[in-house]
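With mmCIF, C-alpha atoms inside, this is structure_28.cif:
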```cif
data_run
#
loop_
_atom_site.group_PDB
_atom_site.id
_atom_site.type_symbol
_atom_site.label_atom_id
_atom_site.label_comp_id
_atom_site.auth_asym_id
_atom_site.auth_seq_id
_atom_site.Cartn_x
_atom_site.Cartn_y
_atom_site.Cartn_z
ATOM 1 C CA MET A 1 50.685 146.278 81.767
ATOM 2 C CA PRO A 2 53.935 146.433 83.784
ATOM 3 C CA LYS A 3 57.050 145.060 82.170
ATOM 4 C CA ARG A 4 58.536 141.898 83.569
ATOM 5 C CA PRO A 5 61.992 142.317 84.967
ATOM 6 C CA ALA A 6 64.598 140.961 82.594
ATOM 7 C CA ARG A 7 66.110 137.659 83.621
ATOM 8 C CA ALA A 8 69.641 138.135 84.745
ATOM 9 C CA ALA A 9 71.978 136.813 82.111
ATOM 10 C CA LYS A 10 74.291 134.062 83.212
ATOM 11 C CA SER A 11 77.936 134.911 83.331
ATOM 12 C CA GLU A 12 80.111 133.239 80.713
ATOM 13 C CA SER A 13 81.548 130.862 83.299
ATOM 14 C CA GLU A 14 78.065 129.954 84.579
ATOM 15 C CA ALA A 15 76.820 129.344 81.057
ATOM 16 C CA ARG A 16 79.846 127.208 80.218
ATOM 17 C CA ALA A 17 79.407 125.202 83.446
ATOM 18 C CA ALA A 18 75.688 124.660 82.737
ATOM 19 C CA ILE A 19 76.437 123.449 79.214
ATOM 20 C CA THR A 20 79.214 121.153 80.408
ATOM 21 C CA GLY A 21 76.973 119.811 83.175
ATOM 22 C CA ALA A 22 74.236 119.022 80.665
ATOM 23 C CA ALA A 23 76.766 117.234 78.458
ATOM 24 C CA VAL A 24 78.026 115.211 81.431
ATOM 25 C CA GLU A 25 74.475 114.120 82.272
ATOM 26 C CA GLN A 26 73.857 113.051 78.692
ATOM 27 C CA LEU A 27 77.112 111.081 78.540
ATOM 28 C CA LEU A 28 76.228 109.304 81.775
ATOM 29 C CA ALA A 29 72.772 108.471 80.431
ATOM 30 C CA GLY A 30 73.845 107.052 77.081
ATOM 31 C CA SER A 31 76.349 106.980 74.306
ATOM 32 C CA VAL A 32 78.457 109.767 72.868
ATOM 33 C CA SER A 33 76.884 109.220 69.441
ATOM 34 C CA ARG A 34 73.402 110.141 70.713
ATOM 35 C CA MET A 35 74.561 113.425 72.217
ATOM 36 C CA THR A 36 74.133 116.454 69.960
ATOM 37 C CA LEU A 37 74.769 120.164 70.402
ATOM 38 C CA GLU A 38 71.001 120.624 70.131
ATOM 39 C CA SER A 39 70.213 118.125 72.877
ATOM 40 C CA VAL A 40 72.800 119.678 75.170
ATOM 41 C CA ALA A 41 71.485 123.177 74.471
ATOM 42 C CA SER A 42 67.967 122.034 75.292
ATOM 43 C CA ALA A 43 69.076 120.388 78.538
ATOM 44 C CA ALA A 44 71.114 123.456 79.497
ATOM 45 C CA HIS A 45 68.176 125.768 78.647
ATOM 46 C CA CYS A 46 70.170 127.834 76.204
ATOM 47 C CA ALA A 47 70.473 128.407 72.486
ATOM 48 C CA LYS A 48 72.535 126.047 70.335
ATOM 49 C CA GLY A 49 74.551 129.111 69.313
ATOM 50 C CA LEU A 50 75.704 129.555 72.903
ATOM 51 C CA VAL A 51 76.938 125.948 72.998
ATOM 52 C CA HIS A 52 78.777 126.574 69.725
ATOM 53 C CA TYR A 53 80.187 129.854 71.054
ATOM 54 C CA HIS A 54 81.727 128.137 74.094
ATOM 55 C CA PHE A 55 82.831 124.844 72.527
ATOM 56 C CA LYS A 56 82.849 125.269 68.713
ATOM 57 C CA THR A 57 82.464 121.511 68.078
ATOM 58 C CA LYS A 58 80.844 118.460 69.608
ATOM 59 C CA ASP A 59 84.306 116.936 70.107
ATOM 60 C CA ASN A 60 85.403 119.905 72.215
ATOM 61 C CA LEU A 61 82.235 119.614 74.294
ATOM 62 C CA VAL A 62 82.675 115.858 74.767
ATOM 63 C CA ALA A 63 86.302 116.412 75.796
ATOM 64 C CA ALA A 64 85.264 119.033 78.366
ATOM 65 C CA ALA A 65 82.577 116.736 79.769
ATOM 66 C CA ALA A 66 85.023 113.810 79.894
ATOM 67 C CA GLY A 67 87.435 115.947 81.894
ATOM 68 C CA VAL A 68 84.663 116.757 84.386
ATOM 69 C CA ILE A 69 83.680 113.090 84.770
ATOM 70 C CA TRP A 70 87.277 112.013 85.428
ATOM 71 C CA GLU A 71 87.958 114.905 87.812
ATOM 72 C CA ARG A 72 84.874 114.022 89.860
ATOM 73 C CA ARG A 73 86.040 110.413 90.013
ATOM 74 C CA ALA A 74 89.484 111.464 91.200
ATOM 75 C CA GLN A 75 88.047 113.709 93.905
ATOM 76 C CA GLU A 76 85.622 111.064 95.150
ATOM 77 C CA TRP A 77 88.256 108.321 95.267
ATOM 78 C CA CYS A 78 90.727 110.563 97.101
ATOM 79 C CA GLU A 79 88.062 111.435 99.665
ATOM 80 C CA VAL A 80 87.149 107.764 100.148
ATOM 81 C CA LEU A 81 90.683 106.424 100.477
ATOM 82 C CA GLY A 82 92.341 109.436 102.098
ATOM 83 C CA GLY A 83 90.327 109.442 105.325
ATOM 84 C CA PRO A 84 91.747 108.567 108.733
ATOM 85 C CA ASP A 85 90.083 105.124 108.945
ATOM 86 C CA PRO A 86 91.495 102.746 106.287
ATOM 87 C CA ALA A 87 88.915 99.993 106.915
ATOM 88 C CA ALA A 88 86.086 102.502 106.483
ATOM 89 C CA GLY A 89 87.787 103.785 103.323
ATOM 90 C CA ILE A 90 87.948 100.308 101.817
ATOM 91 C CA ARG A 91 84.262 99.716 102.630
ATOM 92 C CA ALA A 92 83.369 103.126 101.204
ATOM 93 C CA GLY A 93 85.379 102.243 98.094
ATOM 94 C CA TRP A 94 83.038 99.345 97.411
ATOM 95 C CA SER A 95 80.034 101.652 97.833
ATOM 96 C CA LEU A 96 81.607 104.093 95.391
ATOM 97 C CA ILE A 97 82.160 101.328 92.825
ATOM 98 C CA THR A 98 78.489 100.359 93.080
ATOM 99 C CA ARG A 99 77.428 104.005 92.627
ATOM 100 C CA GLU A 100 79.754 104.432 89.636
ATOM 101 C CA GLY A 101 78.368 101.257 88.078
ATOM 102 C CA ALA A 102 74.754 102.329 88.586
ATOM 103 C CA SER A 103 75.183 105.979 87.567
ATOM 104 C CA GLY A 104 76.788 105.357 84.189
ATOM 105 C CA VAL A 105 80.217 106.664 85.233
ATOM 106 C CA CYS A 106 82.039 103.404 84.464
ATOM 107 C CA MET A 107 80.328 102.890 81.104
ATOM 108 C CA ALA A 108 80.889 106.511 80.078
ATOM 109 C CA SER A 109 84.544 106.436 81.176
ATOM 110 C CA ALA A 110 85.167 103.282 79.160
ATOM 111 C CA ALA A 111 83.289 104.532 76.083
ATOM 112 C CA LEU A 112 85.063 107.889 76.119
ATOM 113 C CA GLY A 113 88.411 106.088 76.047
ATOM 114 C CA THR A 114 87.530 104.541 72.699
ATOM 115 C CA GLU A 115 86.409 107.701 70.903
ATOM 116 C CA ALA A 116 87.884 108.446 67.489
ATOM 117 C CA SER A 117 88.347 112.150 68.194
ATOM 118 C CA ASP A 118 91.942 113.137 68.969
ATOM 119 C CA ILE A 119 90.902 115.804 71.459
ATOM 120 C CA VAL A 120 88.668 113.378 73.369
ATOM 121 C CA VAL A 121 91.347 110.672 73.409
ATOM 122 C CA ARG A 122 93.991 113.169 74.607
ATOM 123 C CA THR A 123 91.657 114.482 77.319
ATOM 124 C CA VAL A 124 90.733 111.006 78.526
ATOM 125 C CA SER A 125 94.379 109.881 78.497
ATOM 126 C CA ALA A 126 95.480 112.925 80.504
ATOM 127 C CA SER A 127 92.536 112.526 82.886
ATOM 128 C CA ARG A 128 93.284 108.832 83.413
ATOM 129 C CA ARG A 129 96.939 109.673 84.195
ATOM 130 C CA ASN A 130 95.760 112.313 86.671
ATOM 131 C CA PHE A 131 93.351 109.782 88.208
ATOM 132 C CA THR A 132 96.180 107.287 88.665
ATOM 133 C CA THR A 133 98.461 109.930 90.174
ATOM 134 C CA ARG A 134 95.731 110.945 92.610
ATOM 135 C CA LEU A 135 95.156 107.271 93.511
ATOM 136 C CA GLU A 136 98.881 107.010 94.289
ATOM 137 C CA GLY A 137 98.586 109.790 96.844
ATOM 138 C CA ALA A 138 95.420 108.331 98.356
ATOM 139 C CA LEU A 139 97.000 104.874 98.635
ATOM 140 C CA GLU A 140 100.115 106.307 100.291
ATOM 141 C CA THR A 141 97.859 108.071 102.802
ATOM 142 C CA LEU A 142 95.900 104.871 103.472
ATOM 143 C CA PHE A 143 99.081 102.830 103.874
ATOM 144 C CA GLY A 144 100.510 105.517 106.141
ATOM 145 C CA HIS A 145 97.504 105.255 108.459
ATOM 146 C CA LEU A 146 98.206 101.514 108.671
ATOM 147 C CA GLY A 147 101.927 102.008 109.287
ATOM 148 C CA LEU A 148 102.730 100.313 105.987
ATOM 149 C CA ARG A 149 104.657 101.046 102.824
ATOM 150 C CA SER A 150 104.222 99.411 99.447
ATOM 151 C CA SER A 151 107.018 97.004 98.549
ATOM 152 C CA VAL A 152 106.327 97.583 94.833
ATOM 153 C CA PRO A 153 106.242 100.975 93.104
ATOM 154 C CA ILE A 154 103.107 102.801 94.236
ATOM 155 C CA ASN A 155 102.312 103.878 90.670
ATOM 156 C CA GLU A 156 101.963 100.195 89.724
ATOM 157 C CA VAL A 157 99.566 99.608 92.615
ATOM 158 C CA ALA A 158 97.565 102.682 91.546
ATOM 159 C CA LEU A 159 97.400 101.464 87.927
ATOM 160 C CA LEU A 160 96.169 98.076 89.121
ATOM 161 C CA MET A 161 93.616 99.716 91.388
ATOM 162 C CA GLY A 162 92.281 101.872 88.555
ATOM 163 C CA ALA A 163 91.839 98.770 86.390
ATOM 164 C CA VAL A 164 90.080 96.917 89.220
ATOM 165 C CA ILE A 165 87.747 99.864 89.895
ATOM 166 C CA ASP A 166 86.831 100.093 86.210
ATOM 167 C CA GLY A 167 86.484 96.349 85.752
ATOM 168 C CA LEU A 168 84.255 95.798 88.775
ATOM 169 C CA GLY A 169 82.161 98.858 87.926
ATOM 170 C CA LEU A 170 81.656 97.634 84.361
ATOM 171 C CA GLN A 171 80.573 94.217 85.626
ATOM 172 C CA LEU A 172 77.980 95.876 87.863
ATOM 173 C CA ALA A 173 76.846 98.186 85.056
ATOM 174 C CA SER A 174 76.421 95.117 82.827
ATOM 175 C CA GLY A 175 74.023 93.523 85.299
ATOM 176 C CA ALA A 176 76.265 91.405 87.541
ATOM 177 C CA ALA A 177 74.928 90.998 91.068
ATOM 178 C CA ALA A 178 76.782 93.129 93.614
ATOM 179 C CA ASP A 179 77.123 90.243 96.072
ATOM 180 C CA ALA A 180 78.788 88.150 93.352
ATOM 181 C CA VAL A 181 81.296 90.914 92.505
ATOM 182 C CA GLU A 182 82.096 92.302 95.968
ATOM 183 C CA PRO A 183 84.423 89.413 96.974
ATOM 184 C CA ALA A 184 86.752 90.447 94.136
ATOM 185 C CA TRP A 185 87.105 93.902 95.773
ATOM 186 C CA HIS A 186 88.142 92.292 99.048
ATOM 187 C CA ALA A 187 90.489 89.882 97.258
ATOM 188 C CA PHE A 188 92.116 92.859 95.556
ATOM 189 C CA TRP A 189 92.824 94.420 98.954
ATOM 190 C CA VAL A 190 94.223 91.161 100.354
ATOM 191 C CA GLY A 191 96.584 91.088 97.404
ATOM 192 C CA VAL A 192 97.554 94.759 97.712
ATOM 193 C CA LEU A 193 98.166 94.539 101.455
ATOM 194 C CA SER A 194 100.326 91.462 100.902
ATOM 195 C CA LEU A 195 102.584 93.723 98.820
ATOM 196 C CA THR A 196 103.273 96.054 101.753
ATOM 197 C CA ARG A 197 105.736 96.021 104.652
ATOM 198 C CA ALA A 198 105.779 97.746 107.995
ATOM 199 C CA VAL A 199 107.434 101.149 108.059
#
```
Please render this file's structure as structure tokens.
Amino acid sequence: MPKRPARAAKSESEARAAITGAAVEQLLAGSVSRMTLESVASAAHCAKGLVHYHFKTKDNLVAAAAGVIWERRAQEWCEVLGGPDPAAGIRAGWSLITREGASGVCMASAALGTEASDIVVRTVSASRRNFTTRLEGALETLFGHLGLRSSVPINEVALLMGAVIDGLGLQLASGAAADAVEPAWHAFWVGVLSLTRAV
């Protein structure tokens, strides 16, 4: 009987990415407490020892997954708000909030911020600061396309926007009807635009 060709081993970076991706999916699907190294290993189709080799502890794995979730959010929000058509960006922002609410992103982001683990809290805090900084840049781009400049510090507008995004997403994730929540998104923009002046 001919031997089967050996399956090519994943590189270390591919294995680490697969494990992190499996952890992200589990965090989006439920709580941190239900995630185990065993469940992540099973989802990543690898041995538990490989998960331990790359991350050592569940807290390190959760922190890595939290960083991925927040980085994806930052990228998506920058793409939505940084485009050449501000009105389309604002509409797309609402669509992104509904996707984040439905996909578990908002719930996971909020839950990760309340973890007891120092490494998870530090990662989430740093990721949230990065998210806010990236929102600042996206808002400046959006305002620039409109020929406007914020009359209040842009970091304050970005902090407010982050809170609004999270709050509306959590309402949707908790079962609120989208058509009941969407007016708050538009009211937020009326308020933000009232804080701008022509360049």
Next on the checklist: Once the PyMOL selection byres ((chain A and resi 158) around 12) has been evaluated on this model, what residues remain selected, and can you format them as a PyMOL selection string?
Outcome noted: chain A and resi 74+77-78+81+128-140+150+152-157+159-165+188+192
Checklist entry - Can you list, as a ChimeraX atom specification, the residues that the PyMOL selection byres ((chain A and resi 50) around 10) selects here? => result /A:12,15-16,19,37,41,46-49,51-56
Checklist outcome for this item: CA of Gly21 in chain A sits from CA of Val80 in chain A at a separation of 23.2 Å
Checklist entry - Which of these residues is nearest to Asp166 in chain A, using all atoms listed in the file: A:Thr20, A:Thr36, A:Ser117, A:Thr98? => result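 Among the listed residues, A:Thr98 lies closest to Asp166 in chain A.
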Item to check | Ground truth for the PyMOL selection byres ((chain A and resi 174-185) around 9), written as a PyMOL selection string | outcome: chain A and resi 90+93-94+98+101+107+164-165+168-173+186-190
Test item: residues at most 9 Å from Leu146 in chain A, only C-alpha atoms, excluding those fewer than 3 positions along its chain, as a JSON list (two decimals) with C-alpha atoms, keeping the file's coordinate frame:
```json
[["chain", "number", "residue", "atom", "x", "y", "z"],
["A", 85, "ASP", "CA", 90.08, 105.12, 108.94],
["A", 86, "PRO", "CA", 91.50, 102.75, 106.29],
["A", 141, "THR", "CA", 97.86, 108.07, 102.80],
["A", 142, "LEU", "CA", 95.90, 104.87, 103.47],
["A", 143, "PHE", "CA", 99.08, 102.83, 103.87],
["A", 149, "ARG", "CA", 104.66, 101.05, 102.82],
["A", 198, "ALA", "CA", 105.78, 97.75, 108.00]]
```
Checklist outcome for this item: Atom pair CA of Gly67 in chain A + CA of Ser95 in chain A, distance 22.7 Å
Checklist entry - What gap, in Å, lies between CA of Glu38 in chain A and CA of Gln26 in chain A? => result 11.8 Å
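Candidate residues A:Thr196, A:Ser109, A:Thr123, A:Ser103 were compared for distance to Gly144 in chain A, and the nearest is A:Thr196, using all atoms listed in the file.
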Next on the checklist: Counting all atoms listed in the file, which residue out of A:Cys106, A:Ala88, A:Ala116, A:Met35 sits closest to Ala23 in chain A?
Outcome noted: A:Met35
